[in-house]
Amino acid sequence: MKSHEDKSFAVLRVVFGLVWLADASFKWRPAFINNFTSYLVNGAQGQPVAVQAWINFWIHTVSVDPHFYAIIVALAETAIAVGLIFGFFTKVAISGGIVLALVIWTTAEGLGGPYVSGSTDIGTAIIYVLVFVALWLGRSWRFASIDGFIRKHYPKFLGTW
């Protein structure tokens, strides 16, 4: 029998997956794909030198083929959303979500921009990281997930990961 905590974390996982799916749908729009580099350039505005150097590294990296990198971000967000909603490769989705949210927070959000005059918050992506950590610690894959079915019927498939 599953505990109420297992069910609660599963509900959080699915709802958070729906949030990521909504966000991913925006990433597939031409406005995002065609302006991908500008999000990074805007994130560098008014930042300290060290933060600008980090963001400029990413700007130069994605400038090689911004459409390719925009599609990679759209695919990653979509895969994370599907993984969370269905509880499929949940640990991979959570790990990928943490990495992607940290990259977004440290680049397009400029670490939330608390150094910029008029800043009122630390950015949203860091909060996403905390939700992903909560989903991991709450073992959100234990209830209402494809992972749970796989673990029950094919225990060696997912291994200890």
# chains A, B, ... in the order shown; residues from 1 in each chain; ligands from 1
call {"tool": "select_by_dssp", "arguments": {"residues": "stretch 36-156 of chain A", "states": "alpha helix (DSSP H)", "output": "ChimeraX atom specification"}}
result
/A:36-44,49-62,66-86,90-106,125-137,146-153,155-156
call {"tool": "residues_around", "arguments": {"residues": "A:Asn35", "least_positions_apart": "6", "cutoff": "10 Å", "atoms": "only C-alpha atoms", "output": "list in words"}}
result
Pro66, His67 and Ala70 of chain A
call {"tool": "atom_distance", "arguments": {"atom1": "atom CA of A:Trp105", "atom2": "atom CA of A:Thr78"}}
result
18.2 Å
call {"tool": "atom_distance", "arguments": {"atom1": "atom CA of A:Asp6", "atom2": "atom CA of A:Gly87"}}
result
12.6 Å
call {"tool": "closest_residue", "arguments": {"among": "A:Ser145, A:Thr106, A:Ser25, A:Ser95", "to": "A:Leu130", "atoms": "only C-alpha atoms"}}
result
A:Ser95
